Amino acid sequence: IFEGPFILLAGSVIVGAITVFFAFSSFMSIQDDFKENVLSDILEDSVDNGYYDPKQGLSESQVYRSEALRRADFFKSEDFLSGALMGVSFVSSDVQLMQLQTISTGKSSTTTYTPYFKGRIFSFEFNKTFAGAVQVMEKGKPVAQRSYETLKLESERFNETFKTFATNPHSAYYILTPHVCEALMKIEENHPGKLTFSFLDSKLFVAINDFQDTFKLRIFRPINETFLNAFKDDLAILNDIVTSLKLNREIFETETFDFANN
């Protein structure tokens, strides 16, 4: 007696699943076209000498050079953007890192990939080479063969928010002035997610672990001026980093400073 309705219901479910599949496939195609033909112009015009490639990303060596992230069993990088802002050159991309985990239930076990970082990584270039490395991290600790020392700064509020590590304490105290510490706090307040700032050699790496796809096209949202401007808002952290930390100012424009001999 229930055979007819049951068959109709099963058929409806199958048809619905097929419809969703093709709709999703079409959406992914639309997203690829949007990124390559529309978003690229928006992003490249937002910074000097801008270059955007949705299918390219930072390499594993670039990401791990920050000494802030442990090596992943699964690595994915996309939405590469490079350029300059107020004379400060940068490269960036979305990065996803996952580790392989085995979950045992006693009688059986399953293996799955668990994400531990999903967000955006920036690498800024400035005309100063620091003698020593400094890591300011909301979560975690440096991943490097060289030895880092844990430091406490004068601001208790800063110490409650970040953990500070340095290979040379003098480097940290020279870089992390009260103004810079306040700027890092401001960036942390303005951008949800776990932040890491790595001052290494002549680069500043910034990693924001917010489990977001930065330039993802949202389904069912109308494509209008407000929608397009939202992608520019995704770059607000770029402006905050350069202006708040004053990366184009004197502290980042001099030659190498050897803390051991000054």
# chains A, B, ... in the order shown; residues from 1 in each chain; ligands from 1
$ closest_atom_pairs --of "region 83-110 of chain A" --to "region 237-240 of chain A" --cutoff "12 Å" --atoms "only C-alpha atoms" --output "JSON lines"
{"residue": "A:Gly83", "atom": "CA", "partner": "A:Leu238", "partner_atom": "CA", "distance": 10.9}
{"residue": "A:Ala84", "atom": "CA", "partner": "A:Leu238", "partner_atom": "CA", "distance": 9.9}
{"residue": "A:Leu85", "atom": "CA", "partner": "A:Asn239", "partner_atom": "CA", "distance": 7.5}
{"residue": "A:Met86", "atom": "CA", "partner": "A:Asn239", "partner_atom": "CA", "distance": 9.0}
{"residue": "A:Gly87", "atom": "CA", "partner": "A:Asn239", "partner_atom": "CA", "distance": 11.8}
{"residue": "A:Val88", "atom": "CA", "partner": "A:Leu238", "partner_atom": "CA", "distance": 10.3}
{"residue": "A:Ser89", "atom": "CA", "partner": "A:Leu238", "partner_atom": "CA", "distance": 10.8}
{"residue": "A:Phe90", "atom": "CA", "partner": "A:Leu238", "partner_atom": "CA", "distance": 9.1}
{"residue": "A:Val91", "atom": "CA", "partner": "A:Leu238", "partner_atom": "CA", "distance": 10.5}
{"residue": "A:Ser92", "atom": "CA", "partner": "A:Leu238", "partner_atom": "CA", "distance": 9.8}
$ residues_around --residues "Lys232 (chain A)" --least-positions-apart "6" --cutoff "8 Å" --atoms "only C-alpha atoms" --output "compact mmCIF listing (two decimals) with C-alpha atoms, in the first residue's frame"
# COMPACT_ATOMS: atom_id res chain seq x y z
CA ILE A 42 39.28 44.55 -8.72
CA LEU A 43 42.20 43.22 -6.70
CA SER A 46 43.50 47.91 -5.37
$ residues_around --residues "Thr214 (chain A)" --least-positions-apart "5" --cutoff "12 Å" --atoms "only C-alpha atoms" --output "list in words"
Lys35, Leu39, Leu43, Pro54, Ser77, Glu78, Asp79, Phe80, Leu81, Ser92, Ser93, Asp94, Val95, Gln96, Lys118, Gly119, Arg120, Ile121, Ile208, Asn209, Ala230, Phe231, Lys232, Asp233, Asp234, Leu235, Ala236 and Ile237 of chain A
$ write_last_selection --atoms "N, CA and C atoms" --output "PDB file, in the first residue's frame"
ATOM      1  N   LYS A  35      36.340  34.947 -10.725  1.00  0.00           N
ATOM      2  CA  LYS A  35      37.657  35.265 -10.186  1.00  0.00           C
ATOM      3  C   LYS A  35      38.631  35.681 -11.289  1.00  0.00           C
ATOM      4  N   LEU A  39      37.141  39.544 -10.548  1.00  0.00           N
ATOM      5  CA  LEU A  39      37.849  39.776  -9.297  1.00  0.00           C
ATOM      6  C   LEU A  39      39.311  40.155  -9.519  1.00  0.00           C
ATOM      7  N   LEU A  43      41.084  43.360  -7.629  1.00  0.00           N
ATOM      8  CA  LEU A  43      42.202  43.223  -6.705  1.00  0.00           C
ATOM      9  C   LEU A  43      43.471  43.869  -7.252  1.00  0.00           C
ATOM     10  N   PRO A  54      43.956  33.214  -9.093  1.00  0.00           N
ATOM     11  CA  PRO A  54      43.153  32.402  -8.160  1.00  0.00           C
ATOM     12  C   PRO A  54      43.643  30.971  -8.006  1.00  0.00           C
ATOM     13  N   SER A  77      47.210  25.800  -1.355  1.00  0.00           N
ATOM     14  CA  SER A  77      47.416  27.247  -1.402  1.00  0.00           C
ATOM     15  C   SER A  77      46.825  27.787  -2.696  1.00  0.00           C
ATOM     16  N   GLU A  78      46.083  28.893  -2.594  1.00  0.00           N
ATOM     17  CA  GLU A  78      45.432  29.468  -3.761  1.00  0.00           C
ATOM     18  C   GLU A  78      45.175  30.958  -3.546  1.00  0.00           C
ATOM     19  N   ASP A  79      44.578  31.604  -4.523  1.00  0.00           N
ATOM     20  CA  ASP A  79      44.243  33.026  -4.461  1.00  0.00           C
ATOM     21  C   ASP A  79      45.471  33.876  -4.165  1.00  0.00           C
ATOM     22  N   PHE A  80      46.481  33.716  -5.003  1.00  0.00           N
ATOM     23  CA  PHE A  80      47.726  34.467  -4.855  1.00  0.00           C
ATOM     24  C   PHE A  80      47.515  35.931  -5.235  1.00  0.00           C
ATOM     25  N   LEU A  81      48.020  36.821  -4.409  1.00  0.00           N
ATOM     26  CA  LEU A  81      47.972  38.260  -4.699  1.00  0.00           C
ATOM     27  C   LEU A  81      49.310  38.871  -4.322  1.00  0.00           C
ATOM     28  N   SER A  92      50.874  37.277  -1.016  1.00  0.00           N
ATOM     29  CA  SER A  92      49.944  36.655  -0.078  1.00  0.00           C
ATOM     30  C   SER A  92      49.127  35.585  -0.785  1.00  0.00           C
ATOM     31  N   SER A  93      48.522  34.715   0.000  1.00  0.00           N
ATOM     32  CA  SER A  93      47.585  33.743  -0.562  1.00  0.00           C
ATOM     33  C   SER A  93      46.820  33.080   0.569  1.00  0.00           C
ATOM     34  N   ASP A  94      45.705  32.456   0.213  1.00  0.00           N
ATOM     35  CA  ASP A  94      44.996  31.608   1.155  1.00  0.00           C
ATOM     36  C   ASP A  94      45.773  30.306   1.295  1.00  0.00           C
ATOM     37  N   VAL A  95      45.815  29.774   2.503  1.00  0.00           N
ATOM     38  CA  VAL A  95      46.551  28.530   2.765  1.00  0.00           C
ATOM     39  C   VAL A  95      45.702  27.641   3.658  1.00  0.00           C
ATOM     40  N   GLN A  96      45.669  26.353   3.332  1.00  0.00           N
ATOM     41  CA  GLN A  96      45.003  25.369   4.178  1.00  0.00           C
ATOM     42  C   GLN A  96      45.988  24.261   4.520  1.00  0.00           C
ATOM     43  N   LYS A 118      43.590  27.397   8.423  1.00  0.00           N
ATOM     44  CA  LYS A 118      42.889  27.775   7.202  1.00  0.00           C
ATOM     45  C   LYS A 118      42.694  29.279   7.261  1.00  0.00           C
ATOM     46  N   GLY A 119      43.406  29.981   6.418  1.00  0.00           N
ATOM     47  CA  GLY A 119      43.333  31.429   6.447  1.00  0.00           C
ATOM     48  C   GLY A 119      44.260  32.030   5.411  1.00  0.00           C
ATOM     49  N   ARG A 120      44.759  33.225   5.718  1.00  0.00           N
ATOM     50  CA  ARG A 120      45.592  33.923   4.736  1.00  0.00           C
ATOM     51  C   ARG A 120      46.961  34.218   5.343  1.00  0.00           C
ATOM     52  N   ILE A 121      47.977  34.117   4.491  1.00  0.00           N
ATOM     53  CA  ILE A 121      49.345  34.405   4.900  1.00  0.00           C
ATOM     54  C   ILE A 121      49.902  35.511   4.015  1.00  0.00           C
ATOM     55  N   ILE A 208      46.923  34.809   9.466  1.00  0.00           N
ATOM     56  CA  ILE A 208      45.654  34.950  10.179  1.00  0.00           C
ATOM     57  C   ILE A 208      44.845  33.676   9.984  1.00  0.00           C
ATOM     58  N   ASN A 209      44.674  32.944  11.061  1.00  0.00           N
ATOM     59  CA  ASN A 209      43.977  31.659  11.030  1.00  0.00           C
ATOM     60  C   ASN A 209      42.518  31.893  11.427  1.00  0.00           C
ATOM     61  N   ALA A 230      32.839  44.437  -1.214  1.00  0.00           N
ATOM     62  CA  ALA A 230      33.143  43.547  -0.092  1.00  0.00           C
ATOM     63  C   ALA A 230      34.470  42.838  -0.299  1.00  0.00           C
ATOM     64  N   PHE A 231      34.838  42.591  -1.553  1.00  0.00           N
ATOM     65  CA  PHE A 231      36.120  41.941  -1.823  1.00  0.00           C
ATOM     66  C   PHE A 231      37.276  42.886  -1.509  1.00  0.00           C
ATOM     67  N   LYS A 232      37.075  44.185  -1.735  1.00  0.00           N
ATOM     68  CA  LYS A 232      38.097  45.153  -1.357  1.00  0.00           C
ATOM     69  C   LYS A 232      38.241  45.201   0.157  1.00  0.00           C
ATOM     70  N   ASP A 233      37.122  45.032   0.867  1.00  0.00           N
ATOM     71  CA  ASP A 233      37.172  45.025   2.329  1.00  0.00           C
ATOM     72  C   ASP A 233      38.008  43.869   2.853  1.00  0.00           C
ATOM     73  N   ASP A 234      38.075  42.772   2.073  1.00  0.00           N
ATOM     74  CA  ASP A 234      38.897  41.630   2.484  1.00  0.00           C
ATOM     75  C   ASP A 234      40.372  42.002   2.547  1.00  0.00           C
ATOM     76  N   LEU A 235      40.744  43.110   1.878  1.00  0.00           N
ATOM     77  CA  LEU A 235      42.129  43.558   1.874  1.00  0.00           C
ATOM     78  C   LEU A 235      42.400  44.591   2.967  1.00  0.00           C
ATOM     79  N   ALA A 236      41.412  44.851   3.820  1.00  0.00           N
ATOM     80  CA  ALA A 236      41.586  45.869   4.858  1.00  0.00           C
ATOM     81  C   ALA A 236      42.763  45.557   5.766  1.00  0.00           C
ATOM     82  N   ILE A 237      43.009  44.271   5.995  1.00  0.00           N
ATOM     83  CA  ILE A 237      44.122  43.903   6.872  1.00  0.00           C
ATOM     84  C   ILE A 237      45.453  44.342   6.275  1.00  0.00           C
TER      85      ILE A 237
END
$ closest_residue --among "A:Lys203, A:Ser155, A:Gln212, A:Gln135" --to "His179 (chain A)" --atoms "only C-alpha atoms"
A:Ser155
$ residues_around --residues "Thr177 (chain A)" --least-positions-apart "6" --cutoff "10 Å" --atoms "only C-alpha atoms" --output "PyMOL selection string"
chain A and resi 153-154+183
$ write_last_selection --atoms "N, CA, C and O atoms" --output "tab-separated table (two decimals), in the first residue's frame"
chain	number	residue	atom	x	y	z
A	153	LEU	N	56.88	41.25	27.79
A	153	LEU	CA	57.03	42.67	27.54
A	153	LEU	C	56.39	43.46	28.67
A	153	LEU	O	55.75	42.89	29.56
A	154	GLU	N	56.55	44.78	28.64
A	154	GLU	CA	56.07	45.62	29.74
A	154	GLU	C	54.54	45.62	29.84
A	154	GLU	O	54.00	45.72	30.94
A	183	ALA	N	50.00	48.79	17.99
A	183	ALA	CA	49.54	48.55	16.62
A	183	ALA	C	49.14	47.09	16.42
A	183	ALA	O	48.12	46.79	15.78
$ atom_distance --atom1 "CA of Tyr113 (chain A)" --atom2 "CA of Gln99 (chain A)"
5.5 Å
$ residues_around --residues "region 145-152 of chain A" --least-positions-apart "5" --cutoff "6 Å" --atoms "only C-alpha atoms" --output "ChimeraX atom specification"
/A:164-167
$ write_last_selection --atoms "N, CA, C and O atoms" --output "short mmCIF file (atom, residue, chain, number, x, y, z; two decimals), in the first residue's frame"
data_model
loop_
_atom_site.label_atom_id
_atom_site.label_comp_id
_atom_site.auth_asym_id
_atom_site.auth_seq_id
_atom_site.Cartn_x
_atom_site.Cartn_y
_atom_site.Cartn_z
N THR A 164 55.41 36.03 23.04
CA THR A 164 56.52 36.58 22.28
C THR A 164 57.74 35.68 22.41
O THR A 164 58.10 35.27 23.51
N PHE A 165 58.36 35.38 21.25
CA PHE A 165 59.54 34.53 21.21
C PHE A 165 60.61 35.25 20.40
O PHE A 165 60.32 35.93 19.42
N ALA A 166 61.88 35.09 20.79
CA ALA A 166 62.96 35.73 20.05
C ALA A 166 64.24 34.91 20.16
O ALA A 166 64.50 34.27 21.18
N THR A 167 65.03 34.95 19.09
CA THR A 167 66.34 34.31 19.13
C THR A 167 67.36 35.26 19.75
O THR A 167 68.42 34.83 20.19
#
$ select_by_dssp --residues "region 25-249 of chain A" --states "strand (DSSP E or B)" --output "number ranges by chain"
A: 48-53, 74-85, 88-104, 109-125, 130, 134-137, 149-151, 163-166, 194-200, 203-209
$ atom_distance --atom1 "CA of Ser66 (chain A)" --atom2 "CA of Leu200 (chain A)"
7.3 Å
$ closest_residue --among "A:Arg157, A:Arg65, A:Lys163, A:Arg71" --to "Lys139 (chain A)" --atoms "only C-alpha atoms"
A:Lys163
$ atom_distance --atom1 "CA of Lys55 (chain A)" --atom2 "CA of Lys76 (chain A)"
10.4 Å
$ residues_around --residues "Glu36 (chain A)" --least-positions-apart "3" --cutoff "9 Å" --atoms "only C-alpha atoms" --output "PDB file with N, CA, C and O atoms, in the first residue's frame"
ATOM      1  N   GLN A  31      32.104  30.685 -10.355  1.00  0.00           N
ATOM      2  CA  GLN A  31      33.075  31.268  -9.432  1.00  0.00           C
ATOM      3  C   GLN A  31      34.450  31.383 -10.079  1.00  0.00           C
ATOM      4  O   GLN A  31      35.131  32.405  -9.943  1.00  0.00           O
ATOM      5  N   ASP A  32      34.856  30.355 -10.816  1.00  0.00           N
ATOM      6  CA  ASP A  32      36.155  30.392 -11.500  1.00  0.00           C
ATOM      7  C   ASP A  32      36.193  31.521 -12.521  1.00  0.00           C
ATOM      8  O   ASP A  32      37.182  32.264 -12.613  1.00  0.00           O
ATOM      9  N   ASP A  33      35.117  31.641 -13.297  1.00  0.00           N
ATOM     10  CA  ASP A  33      35.051  32.707 -14.299  1.00  0.00           C
ATOM     11  C   ASP A  33      35.049  34.081 -13.636  1.00  0.00           C
ATOM     12  O   ASP A  33      35.700  35.014 -14.118  1.00  0.00           O
ATOM     13  N   LEU A  39      37.141  39.544 -10.548  1.00  0.00           N
ATOM     14  CA  LEU A  39      37.849  39.776  -9.297  1.00  0.00           C
ATOM     15  C   LEU A  39      39.311  40.155  -9.519  1.00  0.00           C
ATOM     16  O   LEU A  39      39.870  40.974  -8.777  1.00  0.00           O
ATOM     17  N   SER A  40      39.925  39.584 -10.543  1.00  0.00           N
ATOM     18  CA  SER A  40      41.329  39.899 -10.818  1.00  0.00           C
ATOM     19  C   SER A  40      41.514  41.391 -11.066  1.00  0.00           C
ATOM     20  O   SER A  40      42.471  41.998 -10.568  1.00  0.00           O
ATOM     21  N   ASP A  41      40.599  42.001 -11.814  1.00  0.00           N
ATOM     22  CA  ASP A  41      40.703  43.441 -12.084  1.00  0.00           C
ATOM     23  C   ASP A  41      40.509  44.259 -10.810  1.00  0.00           C
ATOM     24  O   ASP A  41      41.211  45.249 -10.574  1.00  0.00           O
ATOM     25  N   TYR A  52      47.039  39.060  -9.548  1.00  0.00           N
ATOM     26  CA  TYR A  52      46.187  38.096  -8.859  1.00  0.00           C
ATOM     27  C   TYR A  52      46.015  36.849  -9.714  1.00  0.00           C
ATOM     28  O   TYR A  52      45.747  36.934 -10.909  1.00  0.00           O
ATOM     29  N   ASP A  53      46.185  35.694  -9.096  1.00  0.00           N
ATOM     30  CA  ASP A  53      45.990  34.416  -9.771  1.00  0.00           C
ATOM     31  C   ASP A  53      45.234  33.495  -8.813  1.00  0.00           C
ATOM     32  O   ASP A  53      45.789  33.056  -7.799  1.00  0.00           O
ATOM     33  N   PRO A  54      43.956  33.214  -9.093  1.00  0.00           N
ATOM     34  CA  PRO A  54      43.153  32.402  -8.160  1.00  0.00           C
ATOM     35  C   PRO A  54      43.643  30.971  -8.006  1.00  0.00           C
ATOM     36  O   PRO A  54      43.374  30.334  -6.985  1.00  0.00           O
TER      37      PRO A  54
END
$ residues_around --residues "Gly50 (chain A)" --least-positions-apart "5" --cutoff "7 Å" --atoms "only C-alpha atoms" --output "PyMOL selection string"
chain A and resi 44-45+82-83
$ closest_residue --among "A:Leu97, A:Ile103, A:Val143, A:Leu204" --to "Thr129 (chain A)" --atoms "only C-alpha atoms"
A:Leu204
$ closest_residue --among "A:Thr111, A:Phe205, A:Thr161, A:Ile187" --to "Val63 (chain A)" --atoms "only C-alpha atoms"
A:Phe205
